[in-house]
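work-v3.txt (compact mmCIF, C-alpha atoms) appears below.
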```
# COMPACT_ATOMS: atom_id res chain seq x y z
CA MET A 1 97.75 125.37 81.82
CA VAL A 2 100.19 122.57 81.27
CA LEU A 3 102.49 123.80 84.02
CA VAL A 4 99.65 124.16 86.49
CA MET A 5 98.48 120.65 85.76
CA ALA A 6 102.05 119.38 85.96
CA VAL A 7 102.23 120.34 89.61
CA PRO A 8 100.50 117.52 91.44
CA ALA A 9 97.64 118.63 93.60
CA THR A 10 98.71 116.33 96.38
CA ALA A 11 102.06 114.77 97.00
CA ASN A 12 101.17 112.59 99.92
CA ALA A 13 103.22 109.59 100.89
CA GLY A 14 104.30 107.89 104.07
CA ARG A 15 103.39 104.55 105.57
CA THR A 16 99.68 104.10 104.95
CA PHE A 17 96.99 101.50 104.41
CA TYR A 18 95.53 103.70 101.67
CA GLY A 19 96.39 104.76 98.16
CA TRP A 20 95.68 108.48 98.02
CA LEU A 21 95.08 109.12 101.71
CA GLN A 22 97.57 109.97 104.40
CA ASP A 23 97.67 107.80 107.49
CA THR A 24 98.89 108.65 110.99
CA GLN A 25 101.64 106.02 111.14
CA VAL A 26 105.19 107.26 111.72
CA MET A 27 108.48 105.46 112.10
CA PRO A 28 110.17 104.82 115.46
CA GLU A 29 113.04 107.08 116.51
CA ARG A 30 115.97 106.87 114.09
CA GLY A 31 114.05 104.43 111.93
CA ALA A 32 114.88 104.91 108.25
CA GLU A 33 112.86 103.99 105.23
CA ILE A 34 112.80 104.57 101.49
CA GLN A 35 109.28 105.46 100.44
CA THR A 36 107.97 105.90 96.94
CA PHE A 37 104.78 106.14 94.96
CA ILE A 38 103.62 106.18 91.37
CA SER A 39 100.30 107.81 90.63
CA GLU A 40 98.22 108.58 87.56
CA GLU A 41 95.60 111.26 87.06
CA ASN A 42 93.76 110.85 83.79
CA PHE A 43 91.51 113.86 83.41
CA GLN A 44 88.32 113.77 81.35
CA GLY A 45 88.17 117.54 80.99
CA PRO A 46 85.07 119.64 81.57
CA ASP A 47 83.81 119.50 77.98
CA GLY A 48 85.37 116.29 76.73
CA THR A 49 87.57 117.93 74.10
CA PRO A 50 91.03 116.41 73.66
CA SER A 51 92.84 119.57 74.72
CA THR A 52 91.35 119.27 78.20
CA LYS A 53 92.28 115.60 78.59
CA ASP A 54 95.41 115.82 80.67
CA HIS A 55 97.21 112.63 81.65
CA ASN A 56 99.63 113.04 84.49
CA THR A 57 101.97 110.42 85.91
CA THR A 58 104.03 111.20 89.00
CA TRP A 59 106.90 109.30 90.56
CA TRP A 60 107.65 110.41 94.10
CA LEU A 61 110.70 109.14 95.99
CA ALA A 62 111.90 110.01 99.48
CA PRO A 63 114.20 108.86 102.22
CA ALA A 64 112.31 109.14 105.51
CA ILE A 65 113.60 109.04 109.07
CA GLY A 66 111.99 109.05 112.48
CA ILE A 67 113.15 112.16 114.36
CA ASN A 68 111.50 110.74 117.46
CA ASP A 69 108.67 108.32 118.05
CA GLN A 70 106.06 110.85 116.91
CA LEU A 71 107.80 113.02 114.30
CA GLU A 72 108.88 111.86 110.87
CA LEU A 73 110.93 113.74 108.28
CA SER A 74 111.10 112.87 104.62
CA LEU A 75 112.93 114.55 101.77
CA PRO A 76 111.05 113.86 98.55
CA VAL A 77 111.91 114.39 94.92
CA GLN A 78 109.25 114.16 92.23
CA PHE A 79 109.33 113.33 88.58
CA ASP A 80 106.42 114.02 86.29
CA TRP A 81 105.23 112.87 82.91
CA ASP A 82 102.48 115.07 81.57
CA TYR A 83 100.57 114.63 78.34
CA VAL A 84 97.65 116.65 77.07
CA GLU A 85 95.95 114.88 74.20
CA GLY A 86 96.98 116.47 70.93
CA GLY A 87 99.96 118.14 72.59
CA THR A 88 103.56 117.27 73.28
CA PRO A 89 104.36 115.03 76.25
CA HIS A 90 106.65 116.51 78.89
CA THR A 91 108.82 114.57 81.31
CA ASN A 92 110.29 116.62 84.11
CA PHE A 93 112.29 116.46 87.25
CA LEU A 94 109.50 118.36 88.93
CA SER A 95 110.48 119.25 92.48
CA TYR A 96 112.41 118.56 95.64
CA GLY A 97 111.33 119.35 99.15
CA ALA A 98 110.88 118.43 102.77
CA GLN A 99 107.96 116.96 104.66
CA LEU A 100 107.27 116.67 108.38
CA LYS A 101 104.55 114.50 109.85
CA TYR A 102 103.72 114.79 113.53
CA ARG A 103 101.52 112.35 115.36
CA PHE A 104 99.94 113.94 118.42
CA VAL A 105 99.80 110.75 120.51
CA THR A 106 102.12 107.85 121.20
CA ALA A 107 102.76 105.29 118.48
CA ASP A 108 102.94 102.47 121.02
CA PRO A 109 100.53 99.74 119.89
CA VAL A 110 99.21 99.21 123.43
CA ASP A 111 99.09 102.78 124.74
CA ALA A 112 97.85 104.52 121.59
CA PRO A 113 94.19 105.60 121.71
CA ASP A 114 91.73 104.41 119.08
CA PHE A 115 91.56 107.87 117.52
CA VAL A 116 94.89 109.31 116.43
CA PRO A 117 95.30 112.86 115.12
CA ALA A 118 98.29 113.96 113.08
CA ILE A 119 99.44 116.90 111.00
CA ARG A 120 101.64 116.94 107.95
CA ALA A 121 103.43 119.94 106.45
CA THR A 122 105.30 119.89 103.18
CA ILE A 123 107.21 122.42 101.15
CA ASP A 124 108.36 121.53 97.66
CA ARG A 125 110.42 123.66 95.35
CA VAL A 126 109.35 123.25 91.75
CA VAL A 127 112.38 123.13 89.47
CA ILE A 128 110.75 123.71 86.11
CA GLY A 129 109.70 127.08 84.80
CA THR A 130 110.39 130.09 87.00
CA ARG A 131 112.88 129.70 89.86
CA ASP A 132 110.62 131.08 92.57
CA HIS A 133 107.97 128.41 92.38
CA TRP A 134 106.88 126.64 95.58
CA VAL A 135 104.24 124.13 96.55
CA PRO A 136 103.37 124.36 100.27
CA GLU A 137 100.92 121.88 101.72
CA VAL A 138 99.32 121.31 105.12
CA ASP A 139 97.12 118.35 106.02
CA LEU A 140 95.18 117.32 109.06
CA ILE A 141 94.85 113.58 109.43
CA GLY A 142 92.72 111.51 111.75
CA SER A 143 92.67 107.74 112.02
CA TYR A 144 90.46 105.42 114.02
CA GLN A 145 91.35 101.83 114.74
CA THR A 146 89.30 99.18 116.47
CA GLY A 147 90.15 95.54 116.00
CA ILE A 148 90.62 94.75 112.33
CA PHE A 149 88.82 97.93 111.26
CA HIS A 150 90.78 101.06 110.40
CA SER A 151 89.49 104.31 108.99
CA VAL A 152 91.06 107.62 108.12
CA VAL A 153 89.99 111.14 107.21
CA ASN A 154 92.17 113.78 105.58
CA ALA A 155 91.69 117.48 104.96
CA GLY A 156 94.33 119.79 103.61
CA VAL A 157 95.32 122.75 101.51
CA VAL A 158 97.99 122.78 98.85
CA GLY A 159 99.34 125.93 97.26
CA ASP A 160 100.98 126.62 93.93
CA VAL A 161 102.93 129.78 94.56
CA SER A 162 105.08 131.57 92.02
CA PRO A 163 105.61 135.17 90.91
CA ASN A 164 102.94 134.61 88.25
CA ALA A 165 100.21 133.02 90.33
CA GLN A 166 99.14 132.03 93.80
CA ASP A 167 96.67 129.20 93.50
CA PHE A 168 95.31 127.12 96.33
CA GLU A 169 93.41 123.87 96.36
CA LEU A 170 91.48 122.02 99.05
CA HIS A 171 91.64 118.29 99.21
CA ALA A 172 89.65 116.07 101.51
CA GLY A 173 89.06 112.39 101.67
CA GLY A 174 88.14 109.41 103.74
CA GLY A 175 88.61 105.69 103.65
CA VAL A 176 88.29 102.40 105.42
CA SER A 177 90.65 99.45 105.55
CA ILE A 178 89.92 96.02 107.01
CA GLU A 179 92.55 93.46 107.93
CA THR A 180 91.87 90.08 106.32
CA ILE A 181 94.61 87.46 106.48
CA ALA A 182 98.40 87.51 106.66
CA ASP A 183 98.74 91.31 106.98
CA LEU A 184 96.62 91.84 103.88
CA ARG A 185 94.07 94.64 104.10
CA ILE A 186 91.30 95.66 101.74
CA GLY A 187 88.96 98.63 101.78
CA ALA A 188 87.73 101.66 99.91
CA GLU A 189 88.48 105.36 99.79
CA GLY A 190 87.44 108.58 98.17
CA LEU A 191 89.16 111.88 97.45
CA VAL A 192 87.99 115.34 96.47
CA GLU A 193 90.26 118.05 95.11
CA VAL A 194 88.72 121.48 94.58
CA ALA A 195 90.37 124.76 93.66
CA LEU A 196 89.99 127.48 96.31
CA LYS A 197 91.76 130.02 94.17
CA GLY A 198 92.75 129.55 90.56
CA GLY A 199 91.17 127.59 87.75
CA SER A 200 88.90 124.63 88.29
CA ALA A 201 90.42 122.51 85.52
CA GLY A 202 92.24 120.40 88.09
CA ASP A 203 89.21 119.72 90.27
CA TRP A 204 88.27 116.09 90.56
CA ILE A 205 86.44 113.53 92.63
CA GLY A 206 87.20 109.85 92.69
CA VAL A 207 86.25 106.79 94.71
CA GLY A 208 87.53 103.27 94.56
CA PRO A 209 88.92 100.19 96.25
CA ASN A 210 92.24 99.98 98.08
CA ILE A 211 94.55 97.22 99.18
CA ALA A 212 97.51 97.16 101.56
CA TRP A 213 100.03 94.57 102.59
CA SER A 214 103.03 94.54 104.86
CA HIS A 215 105.66 91.94 105.47
CA GLY A 216 108.77 92.38 107.57
CA ARG A 217 110.49 95.57 106.52
CA SER A 218 108.38 96.14 103.40
CA TRP A 219 104.92 97.55 102.93
CA LEU A 220 102.80 98.58 99.99
CA SER A 221 99.39 100.05 99.44
CA ALA A 222 97.40 100.89 96.35
CA SER A 223 94.07 102.21 95.25
CA TYR A 224 92.25 102.60 91.98
CA LEU A 225 90.00 105.62 92.11
CA ILE A 226 87.28 105.78 89.50
CA GLY A 227 86.31 109.23 88.42
CA VAL A 228 83.08 110.78 89.64
CA TYR A 229 83.88 114.27 88.40
CA GLN A 230 86.31 115.47 85.72
CA ILE A 231 88.59 112.47 85.87
CA ARG A 232 88.46 109.08 84.26
CA ASP A 233 90.58 107.22 86.81
CA ALA A 234 93.42 107.79 89.25
CA PRO A 235 95.42 104.71 90.27
CA LYS A 236 98.20 105.03 92.81
CA LEU A 237 100.77 102.60 94.22
CA ASN A 238 102.80 103.33 97.37
CA TRP A 239 105.73 101.26 98.52
CA GLY A 240 108.29 101.45 101.28
CA ILE A 241 111.15 99.48 102.73
CA ALA A 242 112.76 100.05 106.13
CA PHE A 243 116.47 99.79 106.88
CA MET B 1 115.90 75.40 144.64
CA THR B 2 118.20 73.65 142.21
CA ILE B 3 119.10 74.68 138.66
CA THR B 4 120.94 72.45 136.22
CA ASP B 5 122.35 73.43 132.85
CA ALA B 6 121.97 71.50 129.62
CA ASP B 7 125.10 69.47 130.45
CA GLY B 8 123.58 68.35 133.77
CA LYS B 9 125.90 70.46 135.93
CA ALA B 10 124.55 72.63 138.72
CA SER B 11 124.09 76.28 137.77
CA ASN B 12 124.00 79.45 139.82
CA ALA B 13 121.96 81.22 137.15
CA ASP B 14 119.64 84.01 138.17
CA ALA B 15 116.10 82.77 138.74
CA ILE B 16 112.80 84.28 139.78
CA ILE B 17 110.29 82.50 141.96
CA TYR B 18 106.69 83.69 141.99
CA VAL B 19 103.28 82.75 143.32
CA VAL B 20 100.11 82.88 141.23
CA GLY B 21 96.42 82.52 141.93
CA PHE B 22 95.57 85.98 143.25
CA LYS B 23 95.95 89.57 142.07
CA GLU B 24 97.50 92.62 143.70
CA PRO B 25 97.95 96.20 142.52
CA PRO B 26 101.41 97.22 141.28
CA GLY B 27 104.01 98.44 143.73
CA THR B 28 105.77 101.79 143.75
CA SER B 29 109.29 100.56 143.03
CA SER B 30 110.80 101.32 139.64
CA THR B 31 112.53 98.74 137.49
CA GLN B 32 115.40 99.28 135.06
CA VAL B 33 116.76 97.07 132.31
CA ALA B 34 119.94 98.76 131.17
CA GLN B 35 121.92 98.14 128.01
CA ARG B 36 125.55 97.78 128.99
CA ASP B 37 128.45 96.11 127.15
CA ARG B 38 125.99 94.72 124.58
CA LYS B 39 123.99 93.02 127.31
CA PHE B 40 120.71 93.65 129.08
CA VAL B 41 121.40 94.19 132.77
CA PRO B 42 119.63 92.42 134.38
CA ASP B 43 118.51 90.01 131.70
CA LEU B 44 115.66 88.63 133.83
CA VAL B 45 113.21 90.77 135.75
CA ALA B 46 109.79 90.32 137.29
CA ILE B 47 107.25 93.09 137.65
CA THR B 48 103.61 93.33 138.57
CA VAL B 49 100.92 94.04 135.98
CA GLY B 50 100.64 97.80 135.49
CA GLU B 51 104.26 98.59 136.33
CA HIS B 52 106.74 100.35 134.05
CA ILE B 53 110.28 99.45 133.06
CA THR B 54 112.91 102.01 132.06
CA PHE B 55 115.45 101.01 129.43
CA PRO B 56 118.54 103.27 129.69
CA ASN B 57 121.35 102.93 127.16
CA GLY B 58 124.75 102.85 128.89
CA ASP B 59 126.73 101.89 125.79
CA PRO B 60 128.53 104.41 123.57
CA PHE B 61 126.51 103.27 120.57
CA LEU B 62 122.87 102.90 119.57
CA HIS B 63 120.53 100.17 120.69
CA ASN B 64 117.07 99.36 119.31
CA VAL B 65 115.14 97.54 122.03
CA PHE B 66 112.04 95.72 120.85
CA SER B 67 109.65 92.90 121.69
CA GLN B 68 107.45 90.84 119.40
CA SER B 69 105.91 88.89 122.28
CA THR B 70 102.13 88.75 122.12
CA THR B 71 101.99 89.82 125.78
CA ARG B 72 103.57 93.17 124.93
CA LYS B 73 104.77 94.25 121.50
CA PHE B 74 106.88 97.39 121.33
CA ASP B 75 109.67 99.04 119.40
CA LEU B 76 111.65 101.70 121.25
CA GLY B 77 113.48 102.85 118.13
CA SER B 78 117.21 103.50 118.22
CA PHE B 79 118.51 105.63 121.06
CA LYS B 80 121.93 106.73 122.15
CA ARG B 81 124.03 106.60 125.32
CA GLY B 82 122.44 108.47 128.18
CA ASP B 83 118.95 108.25 126.73
CA ALA B 84 116.30 106.08 128.33
CA LYS B 85 112.86 104.95 127.25
CA ASP B 86 109.99 103.81 129.38
CA LYS B 87 107.39 101.16 128.68
CA ASP B 88 104.33 100.03 130.61
CA PHE B 89 103.16 96.42 130.87
CA PRO B 90 99.38 96.23 131.32
CA ASP B 91 98.93 92.50 130.75
CA PRO B 92 100.40 89.43 132.49
CA GLY B 93 102.72 87.08 130.65
CA VAL B 94 106.26 86.56 129.45
CA VAL B 95 107.92 89.25 127.35
CA ASP B 96 111.09 88.44 125.43
CA VAL B 97 113.13 91.55 124.72
CA TYR B 98 115.89 91.90 122.14
CA CYS B 99 118.03 94.50 120.40
CA ASN B 100 117.47 94.85 116.67
CA ILE B 101 121.12 95.82 116.18
CA HIS B 102 122.89 93.31 118.45
CA PRO B 103 121.55 89.75 118.21
CA GLU B 104 123.46 88.59 121.29
CA MET B 105 121.31 90.80 123.52
CA ALA B 106 118.30 89.09 125.07
CA ALA B 107 116.25 89.59 128.21
CA THR B 108 113.07 88.19 129.68
CA ILE B 109 110.43 90.14 131.57
CA LEU B 110 107.89 88.28 133.68
CA VAL B 111 104.75 90.36 134.10
CA LEU B 112 103.03 88.82 137.11
CA PRO B 113 99.56 89.23 138.62
CA ASN B 114 100.84 90.14 142.10
CA ARG B 115 103.89 91.38 143.98
CA ARG B 116 104.77 88.00 145.54
CA HIS B 117 107.94 87.28 143.59
CA THR B 118 111.61 87.21 144.47
CA ARG B 119 115.05 86.27 143.22
CA ARG B 120 116.93 83.12 144.08
CA LYS B 121 119.77 83.77 146.52
CA PRO B 122 123.36 82.63 145.75
CA ASP B 123 122.95 79.72 148.16
CA GLY B 124 119.91 78.49 146.22
CA THR B 125 117.30 79.51 148.78
CA TYR B 126 114.52 82.02 148.37
CA ALA B 127 111.91 83.69 150.54
CA ILE B 128 108.64 85.29 149.50
CA GLU B 129 107.03 87.44 152.16
CA GLY B 130 103.37 88.34 152.51
CA VAL B 131 101.71 85.48 150.67
CA PRO B 132 98.08 85.32 151.86
CA PRO B 133 96.74 82.14 153.42
CA GLY B 134 95.53 79.56 150.92
CA ARG B 135 96.76 76.99 148.47
CA TRP B 136 98.77 78.51 145.63
CA GLN B 137 100.93 77.47 142.72
CA VAL B 138 104.60 78.44 142.92
CA PHE B 139 106.70 78.82 139.79
CA ALA B 140 110.41 79.30 139.19
CA TYR B 141 111.88 80.59 135.95
CA ALA B 142 115.40 81.25 134.72
CA ARG B 143 116.47 82.46 131.29
CA ARG B 144 116.96 79.55 128.90
CA ALA B 145 114.81 77.35 131.14
CA THR B 146 113.28 74.57 129.08
CA MET B 147 110.09 75.12 131.06
CA PRO B 148 109.18 76.75 134.38
CA ALA B 149 109.43 74.66 137.53
CA VAL B 150 106.12 74.40 139.33
CA GLY B 151 104.95 73.31 142.77
CA TRP B 152 102.06 73.84 145.17
CA VAL B 153 102.19 75.51 148.55
CA THR B 154 99.62 75.72 151.33
CA VAL B 155 100.07 78.89 153.33
CA VAL B 156 98.76 79.08 156.89
CA ALA B 157 98.73 82.44 158.67
CA GLY B 158 101.76 82.87 160.93
CA GLN B 159 103.63 79.83 159.60
CA ASP B 160 106.44 79.35 157.08
CA ALA B 161 105.93 77.00 154.16
CA THR B 162 108.61 75.38 152.03
CA VAL B 163 108.59 74.38 148.37
CA ASP B 164 111.63 72.83 146.71
CA LEU B 165 111.85 73.50 142.98
CA VAL B 166 114.09 72.02 140.29
CA LEU B 167 114.73 73.91 137.08
CA LYS B 168 116.52 72.72 133.93
CA ARG B 169 118.14 75.10 131.48
CA GLY B 170 118.83 74.57 127.80
CA THR B 171 120.72 76.58 125.24
CA GLU B 172 119.88 80.12 124.17
CA PRO B 173 117.32 79.80 121.36
CA ASP B 174 117.78 81.73 118.13
CA HIS B 175 115.54 84.70 117.63
CA LEU B 176 114.61 86.93 114.72
CA ASN B 177 114.98 90.67 114.38
CA LYS B 178 112.03 93.04 114.57
CA TYR B 179 111.24 92.50 110.91
CA GLY B 180 110.94 88.75 111.43
CA GLU B 181 114.24 88.10 109.64
CA LYS B 182 117.45 86.35 110.65
CA TYR B 183 120.16 88.73 111.79
CA LYS B 184 122.82 89.40 109.22
CA GLU B 185 126.15 87.75 109.94
CA TYR B 186 128.99 90.15 109.33
CA ALA B 187 132.44 88.86 108.40
CA THR B 188 135.21 89.67 110.82
CA THR B 189 137.96 91.69 109.21
CA THR B 190 141.49 91.58 110.61
CA TYR B 191 143.78 94.50 109.84
CA HIS B 192 147.56 94.01 109.74
```

Mind converting the file's structure to structure tokens?
Amino acid sequence: MVLVMAVPATANAGRTFYGWLQDTQVMPERGAEIQTFISEENFQGPDGTPSTKDHNTTWWLAPAIGINDQLELSLPVQFDWDYVEGGTPHTNFLSYGAQLKYRFVTADPVDAPDFVPAIRATIDRVVIGTRDHWVPEVDLIGSYQTGIFHSVVNAGVVGDVSPNAQDFELHAGGGVSIETIADLRIGAEGLVEVALKGGSAGDWIGVGPNIAWSHGRSWLSASYLIGVYQIRDAPKLNWGIAF
Amino acid sequence: MTITDADGKASNADAIIYVVGFKEPPGTSSTQVAQRDRKFVPDLVAITVGEHITFPNGDPFLHNVFSQSTTRKFDLGSFKRGDAKDKDFPDPGVVDVYCNIHPEMAATILVLPNRRHTRRKPDGTYAIEGVPPGRWQVFAYARRATMPAVGWVTVVAGQDATVDLVLKRGTEPDHLNKYGEKYKEYATTTYH
């Protein structure tokens, strides 16, 4: 149980206007960036007993480079702090991996269409517990931009594959982001994570506000999802700096 | 036409003369702005709205061509010798182009509403063919010009018309990199 919960359901990052949601932005060719996020998932548990209240904090860190103007590679490592109420906290170097994000249309600000589709594929090797433990993930991403209004939808599947179990989870979400002043954006987003195979203890639904800001070579985005199902709250902060 | 530099001396700088007041579709010719010896070659070009420019890298190191001009923002990323990138220009205006790696590189693209533009000849004269009859504004622009030179011309079918233009140039203005920051100044190291 603890190990399953220790593997984050989603490990999304990359330049985005959203907290938990992937965006379709990629870096220009040979662009390089350090990207990172810190997220929390504070589970309520299905019956409210302390043993089902899992608190999970993840720190994700990756160098990312633009392979070309539409394909981005990042090489993330993840650290995890997991605490089930009444139990012993665990802090782990959780995984390392590789992530590719491909944007199907040009990233040129003039030539790009309003609707932009993208796909992201990730494979992480979990380095706690058994050696043959992998977390594959595939996401479809769509963004729509018109004027100051930006919206995004995500749908993906993440696996938790080891000799002992093959669990899969669906995650889907959507959000809006509106540019206000001085590259500051505000909006809202929601995320659903549901087990397709395996236990439902990690299922959750959250909605909440988001904020994003960029300046020069730096950008950050954050959201604070409030639990609708099985989770109390799930804040997340993303940050990146280009070189 | 006459060009003078900031010190008042006559200059043989490259200049483009163009006529505005009517629109024409883009031509079929292709335009290149190469990167060679840490310079854009040429560093001043005129195209018609809707035309493309190819940016080939002829240097044995990377360049990152970009523009933050409101007329046409773009970032070509970093690309190596032998590679070329292409960019379209759908709106009229002035586009200042720089390299994010080499601050000394600068070029200007004039995106014009018609094909009636030309370069100044070495003797200071110019000729624009095919201007339709009417009264039009004529502009001249050179890199580092403090402002474009402007005049009026009345074109009558079958007759030549002459406009004499005077252009003053200043110094190369500083510019920022693509992140809106000053370029880093690297110390020069001498090895003995």

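You can rank A:Asp183, A:Asp80, A:Glu193, A:Glu137 by their closest distance to A:Phe37 using all atoms listed in the file, and at the top of that list sits A:Asp80.
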
Next item on the list: Write out as an NGL selection string which residues come within 8 Å of stretch 207-224 of chain A when counting all atoms listed in the file, dropping same-chain ones fewer than 2 positions away.
Entry: (:A and (15-20 or 177 or 183-191 or 205 or 226-228 or 233-243)) or (:B and (178-181))

Note to self: Considering only C-alpha atoms, can you say which of A:Ile67, A:Ile181, A:Ile123, A:Ala118 comes closest to A:Val161?
What the structure shows: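 Residue with the minimum atom-to-atom distance to A:Val161: A:Ile123.
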
Quick one: contact table of chain A to chain B, 8 Å max, nearest atom pair and distance in Å to one decimal per residue, counting only C-alpha atoms, chain and number order, as a Markdown table?
```
| residue | atom | partner | partner_atom | distance |
| --- | --- | --- | --- | --- |
| A:Pro28 | CA | B:Gly77 | CA | 4.7 |
| A:Glu29 | CA | B:Gly77 | CA | 4.6 |
| A:Arg30 | CA | B:Ser78 | CA | 5.5 |
| A:Gly31 | CA | B:Gly77 | CA | 6.4 |
| A:Asp69 | CA | B:Gly77 | CA | 7.3 |
| A:Asp108 | CA | B:Phe74 | CA | 6.4 |
| A:Pro109 | CA | B:Phe74 | CA | 6.9 |
| A:Val110 | CA | B:Arg72 | CA | 7.6 |
| A:His215 | CA | B:Tyr179 | CA | 7.8 |
| A:Gly216 | CA | B:Tyr179 | CA | 4.2 |
| A:Arg217 | CA | B:Tyr179 | CA | 5.4 |
```

Next item on the list: Grab the atom CA of B:Ile109 to atom CA of B:Gly50 distance for me, in Å with one decimal place.
Entry: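 Computing the Euclidean distance for atom CA of B:Ile109 and atom CA of B:Gly50 yields 13.0 Å.
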
Next item on the list: Kindly give the distance, in Å, that separates atom CA of A:Ile141 and atom CA of A:Phe79, rounded to a single decimal.
Entry: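 Interatomic distance, atom CA of A:Ile141 to atom CA of A:Phe79: 25.4 Å.
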
Next item on the list: Rounded to one decimal place, report the atom CA of B:Ser11-atom CA of B:Thr171 distance in Å.
Entry: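 Atom-to-atom, atom CA of B:Ser11 and atom CA of B:Thr171 are spaced 13.0 Å apart.
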
Place a sphere of radius 8 Å on (92.8, 80.8, 143.8) in the file coordinates and name every protein, DNA or RNA residue with an atom inside or on its surface, counting only C-alpha atoms; give the answer as an mmCIF file with C-alpha atoms, in the frame of the given file.
```
data_model
loop_
_atom_site.group_PDB
_atom_site.id
_atom_site.type_symbol
_atom_site.label_atom_id
_atom_site.label_comp_id
_atom_site.auth_asym_id
_atom_site.auth_seq_id
_atom_site.Cartn_x
_atom_site.Cartn_y
_atom_site.Cartn_z
ATOM 1 C CA GLY B 21 96.420 82.520 141.930
ATOM 2 C CA PHE B 22 95.570 85.980 143.250
ATOM 3 C CA GLY B 134 95.530 79.560 150.920
ATOM 4 C CA ARG B 135 96.760 76.990 148.470
ATOM 5 C CA TRP B 136 98.770 78.510 145.630
#
```

Item checked: Neighbour list for B:His102 as number ranges by chain, cut-off 12 Å, all atoms listed in the file, skip fewer than 2 positions in-chain -> B: 35-40, 59, 61-66, 78, 97-100, 104-106, 175-178, 182-186

Note to self: Measuring between only C-alpha atoms, which one of B:Asp86, B:Asp174, B:Asp5, B:Asp160 shows the shortest distance to B:Ala145?
What the structure shows: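 Checking each candidate against B:Ala145, we get B:Asp5 as the closest.
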
Output, as AutoDock Vina command-line options, the centre and edge lengths in Å (one decimal) of the axis-aligned box that contains all listed atoms of stretch 144-161 of chain A with 6 Å of margin on each side.
```
--center_x 95.9 --center_y 112.3 --center_z 105.2 --size_x 26.1 --size_y 47.0 --size_z 34.5
```

Checklist line | Counting all atoms listed in the file, the option among B:Ala6, B:Val94, B:Val131, B:Ala140 closest to B:Val156 | finding: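 Using all atoms listed in the file, B:Val156 sits closest to B:Val131.
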
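Residues in contact range of A:Leu140, defined as at most 8 Å between all atoms listed in the file, with sequence neighbours fewer than 6 positions away removed, read Pro117, Ala118, Ile119, Arg120, Asn154, Ala155 and Gly156 of chain A.
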